[in-house]
Each structure stands twice: as C-alpha cells, then as structure tokens.
file protein_29.cif (mmCIF, C-alpha atoms and all ligand atoms)
data_final
#
loop_
_atom_site.label_atom_id
_atom_site.label_comp_id
_atom_site.auth_asym_id
_atom_site.auth_seq_id
_atom_site.Cartn_x
_atom_site.Cartn_y
_atom_site.Cartn_z
CA MET A 1453 87.97 108.04 71.42
CA LEU A 1454 89.04 106.34 74.65
CA SER A 1455 89.69 108.83 77.49
CA LEU A 1456 92.46 107.95 79.94
CA VAL A 1457 93.40 109.02 83.44
CA VAL A 1458 96.98 107.90 84.13
CA LEU A 1459 98.25 107.43 87.70
CA ILE A 1460 101.97 107.70 88.41
CA SER A 1461 104.31 107.97 91.41
CA GLY A 1462 107.70 108.66 89.82
CA GLY A 1463 109.33 109.89 86.66
CA GLY A 1464 106.50 109.01 84.34
CA SER A 1465 108.48 107.81 81.32
CA ASN A 1466 105.69 105.40 80.37
CA LEU A 1467 103.17 108.23 80.80
CA ARG A 1468 105.26 110.30 78.40
CA ALA A 1469 105.11 107.53 75.81
CA LEU A 1470 101.30 107.55 76.07
CA LEU A 1471 101.20 111.34 75.76
CA GLU A 1472 103.41 111.14 72.68
CA ALA A 1473 101.27 108.38 71.16
CA SER A 1474 98.17 110.56 71.72
CA GLN A 1475 99.72 113.24 69.50
CA ASP A 1476 98.94 111.02 66.52
CA ALA A 1477 95.45 111.87 65.28
CA GLU A 1478 94.99 108.18 64.37
CA PHE A 1479 95.66 106.97 67.93
CA PRO A 1480 92.24 106.19 69.42
CA ALA A 1481 92.94 107.33 73.01
CA ARG A 1482 93.73 110.57 74.79
CA VAL A 1483 95.17 111.24 78.25
CA ILE A 1484 92.74 113.69 79.88
CA ALA A 1485 94.30 113.92 83.36
CA VAL A 1486 97.29 112.61 85.32
CA GLY A 1487 97.11 111.79 89.02
CA ALA A 1488 99.65 110.74 91.63
CA ASP A 1489 99.99 109.93 95.30
CA ARG A 1490 102.54 112.75 95.64
CA ASP A 1491 103.91 115.73 93.78
CA ALA A 1492 105.44 113.35 91.23
CA ASP A 1493 108.35 114.30 88.97
CA GLY A 1494 106.37 112.88 86.06
CA PHE A 1495 103.82 115.70 86.34
CA GLU A 1496 106.26 117.70 84.21
CA HIS A 1497 105.36 115.52 81.22
CA ALA A 1498 101.65 116.18 81.72
CA GLU A 1499 102.33 119.89 82.04
CA ALA A 1500 104.44 119.87 78.87
CA PHE A 1501 101.41 118.48 77.02
CA GLY A 1502 98.92 120.83 78.73
CA ILE A 1503 97.25 117.98 80.63
CA PRO A 1504 95.83 118.71 84.12
CA THR A 1505 97.29 116.94 87.15
CA PHE A 1506 96.10 116.10 90.65
CA ALA A 1507 97.87 114.70 93.72
CA VAL A 1508 96.17 112.74 96.51
CA ALA A 1509 98.72 111.95 99.24
CA LEU A 1510 98.02 109.06 101.60
CA SER A 1511 99.54 111.06 104.48
CA ASN A 1512 96.70 113.61 104.25
CA TYR A 1513 94.06 111.01 105.17
CA PRO A 1514 93.32 109.09 108.37
CA ASP A 1515 93.46 105.69 106.65
CA ARG A 1516 93.90 103.95 103.30
CA GLU A 1517 90.16 103.70 102.73
CA ALA A 1518 89.61 107.46 103.12
CA TRP A 1519 92.61 108.08 100.84
CA GLY A 1520 91.19 105.66 98.27
CA ASP A 1521 87.79 107.36 98.34
CA ALA A 1522 89.43 110.75 97.75
CA LEU A 1523 91.45 109.30 94.88
CA VAL A 1524 88.35 107.83 93.25
CA GLU A 1525 86.56 111.16 93.67
CA GLN A 1526 89.38 112.98 91.86
CA ILE A 1527 89.44 110.39 89.09
CA GLN A 1528 85.65 110.44 88.62
CA VAL A 1529 85.75 114.20 87.99
CA TRP A 1530 87.20 113.24 84.59
CA GLN A 1531 84.80 110.38 83.85
CA PRO A 1532 87.55 108.41 82.08
CA ASP A 1533 86.89 105.31 79.99
CA LEU A 1534 90.09 103.73 81.34
CA VAL A 1535 92.46 104.29 84.28
CA VAL A 1536 96.10 103.33 83.68
CA LEU A 1537 98.45 102.64 86.59
CA SER A 1538 101.82 103.50 85.12
CA GLY A 1539 104.39 103.28 87.87
CA PHE A 1540 101.81 104.01 90.57
CA MET A 1541 103.52 102.52 93.61
CA LYS A 1542 100.69 102.37 96.14
CA LEU A 1543 98.41 99.38 96.57
CA LEU A 1544 94.82 100.41 95.90
CA PRO A 1545 92.24 99.51 98.57
CA PRO A 1546 89.70 96.94 97.31
CA ARG A 1547 86.90 99.53 97.18
CA VAL A 1548 88.96 101.59 94.71
CA VAL A 1549 89.46 98.55 92.48
CA ASP A 1550 85.73 97.80 92.75
CA ALA A 1551 84.83 101.40 91.87
CA LEU A 1552 87.14 101.66 88.85
CA GLY A 1553 87.31 98.08 87.58
CA PRO A 1554 87.32 96.47 85.14
CA ASN A 1555 88.50 99.60 83.33
CA LEU A 1556 91.73 99.64 85.32
CA ILE A 1557 95.07 98.37 83.98
CA ASN A 1558 98.64 98.28 85.28
CA THR A 1559 102.10 97.94 83.79
CA HIS A 1560 104.66 95.80 85.61
CA PRO A 1561 108.40 95.34 84.99
CA ALA A 1562 108.43 91.52 85.16
CA TYR A 1563 106.88 88.53 83.43
CA LEU A 1564 103.90 88.01 85.75
CA PRO A 1565 103.05 85.95 87.70
CA GLU A 1566 106.82 85.96 88.27
CA PHE A 1567 108.12 88.72 90.57
CA PRO A 1568 104.99 90.68 91.53
CA GLY A 1569 105.12 93.65 93.89
CA ALA A 1570 107.06 96.87 94.24
CA HIS A 1571 110.51 95.43 93.37
CA GLY A 1572 109.91 93.32 90.27
CA VAL A 1573 113.27 94.16 88.69
CA ARG A 1574 115.32 93.76 91.89
CA ASP A 1575 113.62 90.47 92.73
CA ALA A 1576 114.32 89.04 89.25
CA LEU A 1577 118.02 89.95 89.56
CA ALA A 1578 118.22 88.50 93.08
CA ALA A 1579 116.68 85.25 91.86
CA GLY A 1580 119.44 84.92 89.26
CA VAL A 1581 117.07 84.21 86.35
CA SER A 1582 118.34 84.51 82.78
CA GLU A 1583 115.11 86.09 81.56
CA THR A 1584 112.54 88.42 83.04
CA GLY A 1585 110.01 90.54 81.17
CA ALA A 1586 107.27 93.14 81.12
CA SER A 1587 103.53 92.75 81.54
CA VAL A 1588 100.32 94.71 81.21
CA ILE A 1589 97.50 93.38 83.37
CA LEU A 1590 93.97 94.09 84.42
CA VAL A 1591 93.99 95.16 88.07
CA ASP A 1592 92.22 92.95 90.58
CA ASN A 1593 92.32 92.91 94.36
CA GLY A 1594 95.57 90.96 94.60
CA VAL A 1595 99.14 92.20 94.14
CA ASP A 1596 99.79 92.13 90.38
CA SER A 1597 97.58 89.05 90.14
CA GLY A 1598 94.98 90.18 87.57
CA PRO A 1599 94.44 88.68 84.11
CA ILE A 1600 97.34 89.33 81.73
CA LEU A 1601 96.62 91.51 78.69
CA SER A 1602 100.06 91.20 77.14
CA GLN A 1603 103.63 90.41 78.10
CA ARG A 1604 107.05 89.86 76.61
CA ARG A 1605 110.31 88.20 77.73
CA ILE A 1606 113.51 90.24 78.15
CA PRO A 1607 116.95 88.67 78.76
CA VAL A 1608 118.91 89.45 81.92
CA LEU A 1609 122.53 90.19 80.96
CA PRO A 1610 125.45 88.99 83.14
CA ASP A 1611 126.51 92.52 84.14
CA ASP A 1612 123.00 93.92 84.61
CA THR A 1613 122.27 96.17 87.57
CA GLU A 1614 118.72 96.90 88.74
CA SER A 1615 118.90 100.20 86.90
CA SER A 1616 120.34 98.88 83.60
CA LEU A 1617 117.82 96.04 83.52
CA HIS A 1618 114.91 98.36 84.33
CA GLU A 1619 115.99 100.76 81.57
CA ARG A 1620 115.91 97.86 79.07
CA ILE A 1621 112.50 96.73 80.33
CA LYS A 1622 110.83 100.14 80.13
CA PRO A 1623 110.83 100.54 76.32
CA VAL A 1624 109.16 97.12 76.06
CA GLU A 1625 106.61 98.13 78.70
CA ARG A 1626 105.83 101.26 76.68
CA GLU A 1627 105.23 99.26 73.51
CA LEU A 1628 103.02 96.78 75.37
CA LEU A 1629 101.07 99.56 77.09
CA ILE A 1630 100.43 101.51 73.91
CA GLN A 1631 99.37 98.34 72.10
CA ALA A 1632 97.08 97.35 75.00
CA VAL A 1633 95.40 100.78 74.98
CA LEU A 1634 94.99 100.47 71.21
CA ASP A 1635 93.50 96.99 71.55
CA ILE A 1636 91.09 98.14 74.27
CA ALA A 1637 90.04 101.15 72.19
CA ASN A 1638 89.37 99.10 69.07
CA GLY A 1639 87.64 96.28 70.95
CA HIS A 1640 90.30 93.58 70.42
CA ILE A 1641 90.65 93.38 74.19
CA ASN A 1642 87.40 93.28 76.19
CA LEU A 1643 88.19 94.10 79.83
CA LYS A 1644 84.73 93.16 81.06
CA GLU A 1645 85.07 89.67 79.58
CA LEU A 1646 88.63 89.28 80.88
CA ALA A 1647 87.53 90.25 84.37
CA THR A 1648 85.00 87.44 84.49
CA THR A 1649 87.22 84.66 83.10
C1 LIG B 1701 107.66 101.09 85.40
O1 LIG B 1701 108.66 100.17 85.09
C2 LIG B 1701 106.44 100.38 85.99
O2 LIG B 1701 106.18 99.15 85.42
C3 LIG B 1701 106.87 100.21 87.41
O3 LIG B 1701 107.42 101.44 87.74
C4 LIG B 1701 108.08 101.97 86.57
C5 LIG B 1701 107.65 103.40 86.38
O4 LIG B 1701 108.47 104.06 85.49
N1 LIG B 1701 105.76 99.84 88.23
C6 LIG B 1701 105.83 98.93 89.19
O5 LIG B 1701 106.86 98.39 89.53
C7 LIG B 1701 104.50 98.65 89.88
N2 LIG B 1701 104.61 97.45 90.64
P1 LIG B 1701 108.10 105.52 84.95
O6 LIG B 1701 107.64 106.34 86.15
O7 LIG B 1701 109.36 106.03 84.36
O8 LIG B 1701 107.02 105.34 83.92
#

call {"tool": "encode", "arguments": {"input": "protein_29.cif", "output": "structure tokens"}}
result
Amino acid sequence: MLSLVVLISGGGSNLRALLEASQDAEFPARVIAVGADRDADGFEHAEAFGIPTFAVALSNYPDREAWGDALVEQIQVWQPDLVVLSGFMKLLPPRVVDALGPNLINTHPAYLPEFPGAHGVRDALAAGVSETGASVILVDNGVDSGPILSQRRIPVLPDDTESSLHERIKPVERELLIQAVLDIANGHINLKELATT
C-alpha cells in the first residue's frame, strides 16, 4: 500500500478525488496526511475523511530555506512513500526537492511544457490557443519542468473564461492523478528511473 502526503494551497478538489479513490479497498494508495502553506479551505476534505492536516506558512520563517526545512520536517513525520503537490502554489526550494525526490509529483492545468507556472489556465487563454491540457509530472528543481508522467489535451472553447476552462480541466487532472498514483503503486511508473532519464 502506497502512503501519500498531499500538499495543497486552495480548495483541494483534486485532493478530494484522491481521498474518494482511497475509499475503494482495491485502490493501492492511501492519503495519510494533508499539508498546506496556509490554513487551506481544502483541509475540510481531509477532516471529512478523518485525515490529519498540518500548515507551514512561509510568513512564519525568516527565509524560504527555513520554511522548506520546516515543511520537510512535517512531511517526514509521516514517512510517506509519495508526496503529491495538488494545487500547492508555492515553489519548493531545491533542498526540499532534493529531500523528497524522486517520490514527489505535481499536477498542472496545462499541457506541459506549454504554460508552466502559477497561471497555466490564464496563460493558455491569453495565448489564444485552441487546445490546452492537463499534466502530471515528476517535480524537479525547475518550474513545472520535470519528466511528464501523463497528460491529455483539452479543447479551449470560444466563450471560455479562466474559470470555465479550469473547471473543465480539473476532472481530467483528477483522472490523470489517480491513474498516475495507481501506476506508481503497481510499478508501471518507476519514478527513480524517470528522474535519471
Ligand atoms: C489544480 O488545477 C492544479 O493543477 C493547480 O491548482 C489547481 C488546484 O485545484 N495547480 C497549479 O496551477 C500549480 N502550478 P484544487 O485545489 O481544487 O485541487
């Protein structure tokens, strides 16, 4: 059974999908704790499933490195097999990526390497593309630049707003994330190998 710590910053709808998937006895992964860089709204999903939460706010630390060390310390308490960034909107300092990798994955609302960063949906709309997408990647020290585990294209509709497009992307992200966790758990995806290719 693969144990997961999930990190969020916002509403946590993708976290909820993972929690729901874990309800199935056949699903080979379990969320054991949920962390955030703030008192995130998405904690309510963890609480609804009886999963412990922790918040490590950047503003409580003198610099990003000290914040990152505190975050790693909180994560390591749980000794997870895999850490999932699911709408975690802070860039992790390199030492955090080094400490947790390669067992560290991220979901992103665009077809990487297109539109990396904090505004993947907005940037795709602004670029006027007819298709964007969703991706699940292994986290490296760049911005959404790690090896791609899975991704899928999603059309941009003529009257799309950032919010309508994001709401169409999220269900695809959830499917990709759950499948990626499944593939990691059953050995179809080997993160160690991917990290060295
Ligand atoms: C998701 O679309 C996730 O890919 C995105 O934030 C959303 C979180 O939604 N993350 C990024 O943009 C990271 N660059 P949720 O809180 O409802 O799961």

call {"tool": "atom_distance", "arguments": {"input": "protein_29.cif", "atom1": "atom CA of Leu1534 of chain A", "atom2": "atom CA of Asn1466 of chain A"}}
result
15.7 Å

call {"tool": "closest_residue", "arguments": {"input": "protein_29.cif", "among": "A:Ile1484, A:Leu1470, A:Ala1632, A:Leu1601", "to": "ligand LIG 1701 (chain B)", "atoms": "all atoms listed in the file"}}
result
A:Leu1470

call {"tool": "residues_around", "arguments": {"input": "protein_29.cif", "residues": "Ala1570 of chain A", "least_positions_apart": "4", "cutoff": "10 Å", "atoms": "only C-alpha atoms", "output": "ChimeraX atom specification"}}
result
/A:1539-1543,1560-1561,1574-1575,1595-1596

call {"tool": "write_last_selection", "arguments": {"input": "protein_29.cif", "atoms": "C-alpha atoms", "output": "PDB file, keeping the file's coordinate frame"}}
result
ATOM      1  CA  GLY A1539     104.390 103.280  87.870  1.00  0.00           C
ATOM      2  CA  PHE A1540     101.810 104.010  90.570  1.00  0.00           C
ATOM      3  CA  MET A1541     103.520 102.520  93.610  1.00  0.00           C
ATOM      4  CA  LYS A1542     100.690 102.370  96.140  1.00  0.00           C
ATOM      5  CA  LEU A1543      98.410  99.380  96.570  1.00  0.00           C
ATOM      6  CA  HIS A1560     104.660  95.800  85.610  1.00  0.00           C
ATOM      7  CA  PRO A1561     108.400  95.340  84.990  1.00  0.00           C
ATOM      8  CA  ARG A1574     115.320  93.760  91.890  1.00  0.00           C
ATOM      9  CA  ASP A1575     113.620  90.470  92.730  1.00  0.00           C
ATOM     10  CA  VAL A1595      99.140  92.200  94.140  1.00  0.00           C
ATOM     11  CA  ASP A1596      99.790  92.130  90.380  1.00  0.00           C
TER      12      ASP A1596
END

call {"tool": "residues_near_ligand", "arguments": {"input": "protein_29.cif", "ligand": "ligand LIG 1701 (chain B)", "cutoff": "10 Å", "atoms": "all atoms listed in the file", "output": "mmCIF file with C-alpha atoms, in the frame of the given file"}}
result
data_model
loop_
_atom_site.group_PDB
_atom_site.id
_atom_site.type_symbol
_atom_site.label_atom_id
_atom_site.label_comp_id
_atom_site.auth_asym_id
_atom_site.auth_seq_id
_atom_site.Cartn_x
_atom_site.Cartn_y
_atom_site.Cartn_z
ATOM 1 C CA LEU A 1459 98.250 107.430 87.700
ATOM 2 C CA ILE A 1460 101.970 107.700 88.410
ATOM 3 C CA SER A 1461 104.310 107.970 91.410
ATOM 4 C CA GLY A 1462 107.700 108.660 89.820
ATOM 5 C CA GLY A 1463 109.330 109.890 86.660
ATOM 6 C CA GLY A 1464 106.500 109.010 84.340
ATOM 7 C CA SER A 1465 108.480 107.810 81.320
ATOM 8 C CA ASN A 1466 105.690 105.400 80.370
ATOM 9 C CA LEU A 1467 103.170 108.230 80.800
ATOM 10 C CA ARG A 1468 105.260 110.300 78.400
ATOM 11 C CA ALA A 1469 105.110 107.530 75.810
ATOM 12 C CA LEU A 1470 101.300 107.550 76.070
ATOM 13 C CA ALA A 1492 105.440 113.350 91.230
ATOM 14 C CA ASP A 1493 108.350 114.300 88.970
ATOM 15 C CA GLY A 1494 106.370 112.880 86.060
ATOM 16 C CA LEU A 1537 98.450 102.640 86.590
ATOM 17 C CA SER A 1538 101.820 103.500 85.120
ATOM 18 C CA GLY A 1539 104.390 103.280 87.870
ATOM 19 C CA PHE A 1540 101.810 104.010 90.570
ATOM 20 C CA MET A 1541 103.520 102.520 93.610
ATOM 21 C CA LYS A 1542 100.690 102.370 96.140
ATOM 22 C CA LEU A 1543 98.410 99.380 96.570
ATOM 23 C CA ASN A 1558 98.640 98.280 85.280
ATOM 24 C CA THR A 1559 102.100 97.940 83.790
ATOM 25 C CA HIS A 1560 104.660 95.800 85.610
ATOM 26 C CA PRO A 1561 108.400 95.340 84.990
ATOM 27 C CA ALA A 1562 108.430 91.520 85.160
ATOM 28 C CA PHE A 1567 108.120 88.720 90.570
ATOM 29 C CA PRO A 1568 104.990 90.680 91.530
ATOM 30 C CA GLY A 1569 105.120 93.650 93.890
ATOM 31 C CA ALA A 1570 107.060 96.870 94.240
ATOM 32 C CA HIS A 1571 110.510 95.430 93.370
ATOM 33 C CA GLY A 1572 109.910 93.320 90.270
ATOM 34 C CA VAL A 1573 113.270 94.160 88.690
ATOM 35 C CA ARG A 1574 115.320 93.760 91.890
ATOM 36 C CA ALA A 1586 107.270 93.140 81.120
ATOM 37 C CA SER A 1587 103.530 92.750 81.540
ATOM 38 C CA VAL A 1588 100.320 94.710 81.210
ATOM 39 C CA VAL A 1595 99.140 92.200 94.140
ATOM 40 C CA ASP A 1596 99.790 92.130 90.380
ATOM 41 C CA HIS A 1618 114.910 98.360 84.330
ATOM 42 C CA GLU A 1619 115.990 100.760 81.570
ATOM 43 C CA ARG A 1620 115.910 97.860 79.070
ATOM 44 C CA ILE A 1621 112.500 96.730 80.330
ATOM 45 C CA LYS A 1622 110.830 100.140 80.130
ATOM 46 C CA PRO A 1623 110.830 100.540 76.320
ATOM 47 C CA VAL A 1624 109.160 97.120 76.060
ATOM 48 C CA GLU A 1625 106.610 98.130 78.700
ATOM 49 C CA ARG A 1626 105.830 101.260 76.680
ATOM 50 C CA LEU A 1629 101.070 99.560 77.090
#

call {"tool": "residues_around", "arguments": {"input": "protein_29.cif", "residues": "Leu1646 of chain A", "least_positions_apart": "5", "cutoff": "12 Å", "atoms": "all atoms listed in the file", "output": "short mmCIF file (atom, residue, chain, number, x, y, z; two decimals) with C-alpha atoms, in the frame of the given file"}}
result
data_model
loop_
_atom_site.label_atom_id
_atom_site.label_comp_id
_atom_site.auth_asym_id
_atom_site.auth_seq_id
_atom_site.Cartn_x
_atom_site.Cartn_y
_atom_site.Cartn_z
CA GLY A 1553 87.31 98.08 87.58
CA PRO A 1554 87.32 96.47 85.14
CA ASN A 1555 88.50 99.60 83.33
CA LEU A 1556 91.73 99.64 85.32
CA ILE A 1557 95.07 98.37 83.98
CA ILE A 1589 97.50 93.38 83.37
CA LEU A 1590 93.97 94.09 84.42
CA VAL A 1591 93.99 95.16 88.07
CA ASP A 1592 92.22 92.95 90.58
CA GLY A 1598 94.98 90.18 87.57
CA PRO A 1599 94.44 88.68 84.11
CA ILE A 1600 97.34 89.33 81.73
CA LEU A 1601 96.62 91.51 78.69
CA ILE A 1636 91.09 98.14 74.27
CA HIS A 1640 90.30 93.58 70.42
CA ILE A 1641 90.65 93.38 74.19
#

call {"tool": "closest_residue", "arguments": {"input": "protein_29.cif", "among": "A:Val1608, A:Leu1523, A:Ile1630, A:Val1458", "to": "Glu1472 of chain A", "atoms": "all atoms listed in the file"}}
result
A:Ile1630

call {"tool": "atom_distance", "arguments": {"input": "protein_29.cif", "atom1": "atom CA of Glu1478 of chain A", "atom2": "atom CA of Gln1603 of chain A"}}
result
24.1 Å

call {"tool": "atom_distance", "arguments": {"input": "protein_29.cif", "atom1": "atom CA of Leu1634 of chain A", "atom2": "atom CA of Val1457 of chain A"}}
result
15.0 Å

call {"tool": "closest_residue", "arguments": {"input": "protein_29.cif", "among": "A:Glu1525, A:Leu1552, A:Ala1509, A:Arg1482", "to": "Lys1644 of chain A", "atoms": "all atoms listed in the file"}}
result
A:Leu1552

call {"tool": "closest_residue", "arguments": {"input": "protein_29.cif", "among": "A:Arg1604, A:Ala1485, A:Arg1547, A:Arg1516", "to": "Leu1628 of chain A", "atoms": "all atoms listed in the file"}}
result
A:Arg1604

call {"tool": "build_atoms", "arguments": {"input": "protein_29.cif", "residues": "segment 1477-1499 of chain A", "atoms": "N, CA, C and O atoms", "output": "PDB file, in the frame of the given file"}}
result
ATOM      1  N   ALA A1477      96.903 111.745  65.436  1.00  0.00           N
ATOM      2  CA  ALA A1477      95.450 111.870  65.280  1.00  0.00           C
ATOM      3  C   ALA A1477      94.781 110.507  65.116  1.00  0.00           C
ATOM      4  O   ALA A1477      93.613 110.323  65.448  1.00  0.00           O
ATOM      5  N   GLU A1478      95.536 109.530  64.598  1.00  0.00           N
ATOM      6  CA  GLU A1478      94.990 108.180  64.370  1.00  0.00           C
ATOM      7  C   GLU A1478      94.906 107.345  65.656  1.00  0.00           C
ATOM      8  O   GLU A1478      94.222 106.331  65.689  1.00  0.00           O
ATOM      9  N   PHE A1479      95.656 107.754  66.689  1.00  0.00           N
ATOM     10  CA  PHE A1479      95.660 106.970  67.930  1.00  0.00           C
ATOM     11  C   PHE A1479      94.316 107.169  68.631  1.00  0.00           C
ATOM     12  O   PHE A1479      93.912 108.302  68.893  1.00  0.00           O
ATOM     13  N   PRO A1480      93.622 106.066  68.971  1.00  0.00           N
ATOM     14  CA  PRO A1480      92.240 106.190  69.420  1.00  0.00           C
ATOM     15  C   PRO A1480      92.063 106.447  70.916  1.00  0.00           C
ATOM     16  O   PRO A1480      91.031 106.088  71.485  1.00  0.00           O
ATOM     17  N   ALA A1481      93.055 107.046  71.569  1.00  0.00           N
ATOM     18  CA  ALA A1481      92.940 107.330  73.010  1.00  0.00           C
ATOM     19  C   ALA A1481      93.634 108.646  73.327  1.00  0.00           C
ATOM     20  O   ALA A1481      94.575 109.036  72.634  1.00  0.00           O
ATOM     21  N   ARG A1482      93.138 109.304  74.360  1.00  0.00           N
ATOM     22  CA  ARG A1482      93.730 110.570  74.790  1.00  0.00           C
ATOM     23  C   ARG A1482      93.858 110.585  76.305  1.00  0.00           C
ATOM     24  O   ARG A1482      92.914 110.197  77.002  1.00  0.00           O
ATOM     25  N   VAL A1483      95.007 111.036  76.810  1.00  0.00           N
ATOM     26  CA  VAL A1483      95.170 111.240  78.250  1.00  0.00           C
ATOM     27  C   VAL A1483      94.453 112.538  78.598  1.00  0.00           C
ATOM     28  O   VAL A1483      94.753 113.590  78.032  1.00  0.00           O
ATOM     29  N   ILE A1484      93.484 112.466  79.525  1.00  0.00           N
ATOM     30  CA  ILE A1484      92.740 113.690  79.880  1.00  0.00           C
ATOM     31  C   ILE A1484      93.163 114.247  81.245  1.00  0.00           C
ATOM     32  O   ILE A1484      92.912 115.414  81.526  1.00  0.00           O
ATOM     33  N   ALA A1485      93.788 113.420  82.076  1.00  0.00           N
ATOM     34  CA  ALA A1485      94.300 113.920  83.360  1.00  0.00           C
ATOM     35  C   ALA A1485      95.339 112.925  83.885  1.00  0.00           C
ATOM     36  O   ALA A1485      95.303 111.739  83.541  1.00  0.00           O
ATOM     37  N   VAL A1486      96.251 113.442  84.714  1.00  0.00           N
ATOM     38  CA  VAL A1486      97.290 112.610  85.320  1.00  0.00           C
ATOM     39  C   VAL A1486      97.237 112.817  86.831  1.00  0.00           C
ATOM     40  O   VAL A1486      97.245 113.960  87.308  1.00  0.00           O
ATOM     41  N   GLY A1487      97.151 111.712  87.567  1.00  0.00           N
ATOM     42  CA  GLY A1487      97.110 111.790  89.020  1.00  0.00           C
ATOM     43  C   GLY A1487      98.303 111.095  89.631  1.00  0.00           C
ATOM     44  O   GLY A1487      98.986 110.294  88.980  1.00  0.00           O
ATOM     45  N   ALA A1488      98.553 111.392  90.907  1.00  0.00           N
ATOM     46  CA  ALA A1488      99.650 110.740  91.630  1.00  0.00           C
ATOM     47  C   ALA A1488      99.354 110.758  93.117  1.00  0.00           C
ATOM     48  O   ALA A1488      98.452 111.463  93.578  1.00  0.00           O
ATOM     49  N   ASP A1489     100.138 109.969  93.848  1.00  0.00           N
ATOM     50  CA  ASP A1489      99.990 109.930  95.300  1.00  0.00           C
ATOM     51  C   ASP A1489     100.958 110.904  95.948  1.00  0.00           C
ATOM     52  O   ASP A1489     101.186 110.832  97.159  1.00  0.00           O
ATOM     53  N   ARG A1490     101.553 111.762  95.152  1.00  0.00           N
ATOM     54  CA  ARG A1490     102.540 112.750  95.640  1.00  0.00           C
ATOM     55  C   ARG A1490     102.752 113.777  94.534  1.00  0.00           C
ATOM     56  O   ARG A1490     102.197 113.631  93.444  1.00  0.00           O
ATOM     57  N   ASP A1491     103.580 114.761  94.816  1.00  0.00           N
ATOM     58  CA  ASP A1491     103.910 115.730  93.780  1.00  0.00           C
ATOM     59  C   ASP A1491     104.980 115.070  92.882  1.00  0.00           C
ATOM     60  O   ASP A1491     106.168 115.307  93.028  1.00  0.00           O
ATOM     61  N   ALA A1492     104.527 114.234  91.979  1.00  0.00           N
ATOM     62  CA  ALA A1492     105.440 113.350  91.230  1.00  0.00           C
ATOM     63  C   ALA A1492     106.247 114.116  90.184  1.00  0.00           C
ATOM     64  O   ALA A1492     105.729 115.035  89.544  1.00  0.00           O
ATOM     65  N   ASP A1493     107.501 113.680  90.009  1.00  0.00           N
ATOM     66  CA  ASP A1493     108.350 114.300  88.970  1.00  0.00           C
ATOM     67  C   ASP A1493     107.692 114.206  87.602  1.00  0.00           C
ATOM     68  O   ASP A1493     107.814 115.100  86.773  1.00  0.00           O
ATOM     69  N   GLY A1494     106.988 113.120  87.375  1.00  0.00           N
ATOM     70  CA  GLY A1494     106.370 112.880  86.060  1.00  0.00           C
ATOM     71  C   GLY A1494     105.274 113.872  85.701  1.00  0.00           C
ATOM     72  O   GLY A1494     104.852 113.929  84.540  1.00  0.00           O
ATOM     73  N   PHE A1495     104.814 114.665  86.659  1.00  0.00           N
ATOM     74  CA  PHE A1495     103.820 115.700  86.340  1.00  0.00           C
ATOM     75  C   PHE A1495     104.343 116.643  85.253  1.00  0.00           C
ATOM     76  O   PHE A1495     103.580 117.239  84.509  1.00  0.00           O
ATOM     77  N   GLU A1496     105.687 116.767  85.204  1.00  0.00           N
ATOM     78  CA  GLU A1496     106.260 117.700  84.210  1.00  0.00           C
ATOM     79  C   GLU A1496     105.892 117.265  82.781  1.00  0.00           C
ATOM     80  O   GLU A1496     105.732 118.110  81.905  1.00  0.00           O
ATOM     81  N   HIS A1497     105.733 115.963  82.565  1.00  0.00           N
ATOM     82  CA  HIS A1497     105.360 115.520  81.220  1.00  0.00           C
ATOM     83  C   HIS A1497     103.926 115.934  80.907  1.00  0.00           C
ATOM     84  O   HIS A1497     103.626 116.379  79.812  1.00  0.00           O
ATOM     85  N   ALA A1498     103.040 115.767  81.907  1.00  0.00           N
ATOM     86  CA  ALA A1498     101.650 116.180  81.720  1.00  0.00           C
ATOM     87  C   ALA A1498     101.603 117.681  81.422  1.00  0.00           C
ATOM     88  O   ALA A1498     100.932 118.121  80.477  1.00  0.00           O
ATOM     89  N   GLU A1499     102.348 118.434  82.214  1.00  0.00           N
ATOM     90  CA  GLU A1499     102.330 119.890  82.040  1.00  0.00           C
ATOM     91  C   GLU A1499     102.844 120.280  80.664  1.00  0.00           C
ATOM     92  O   GLU A1499     102.296 121.161  80.002  1.00  0.00           O
TER      93      GLU A1499
END
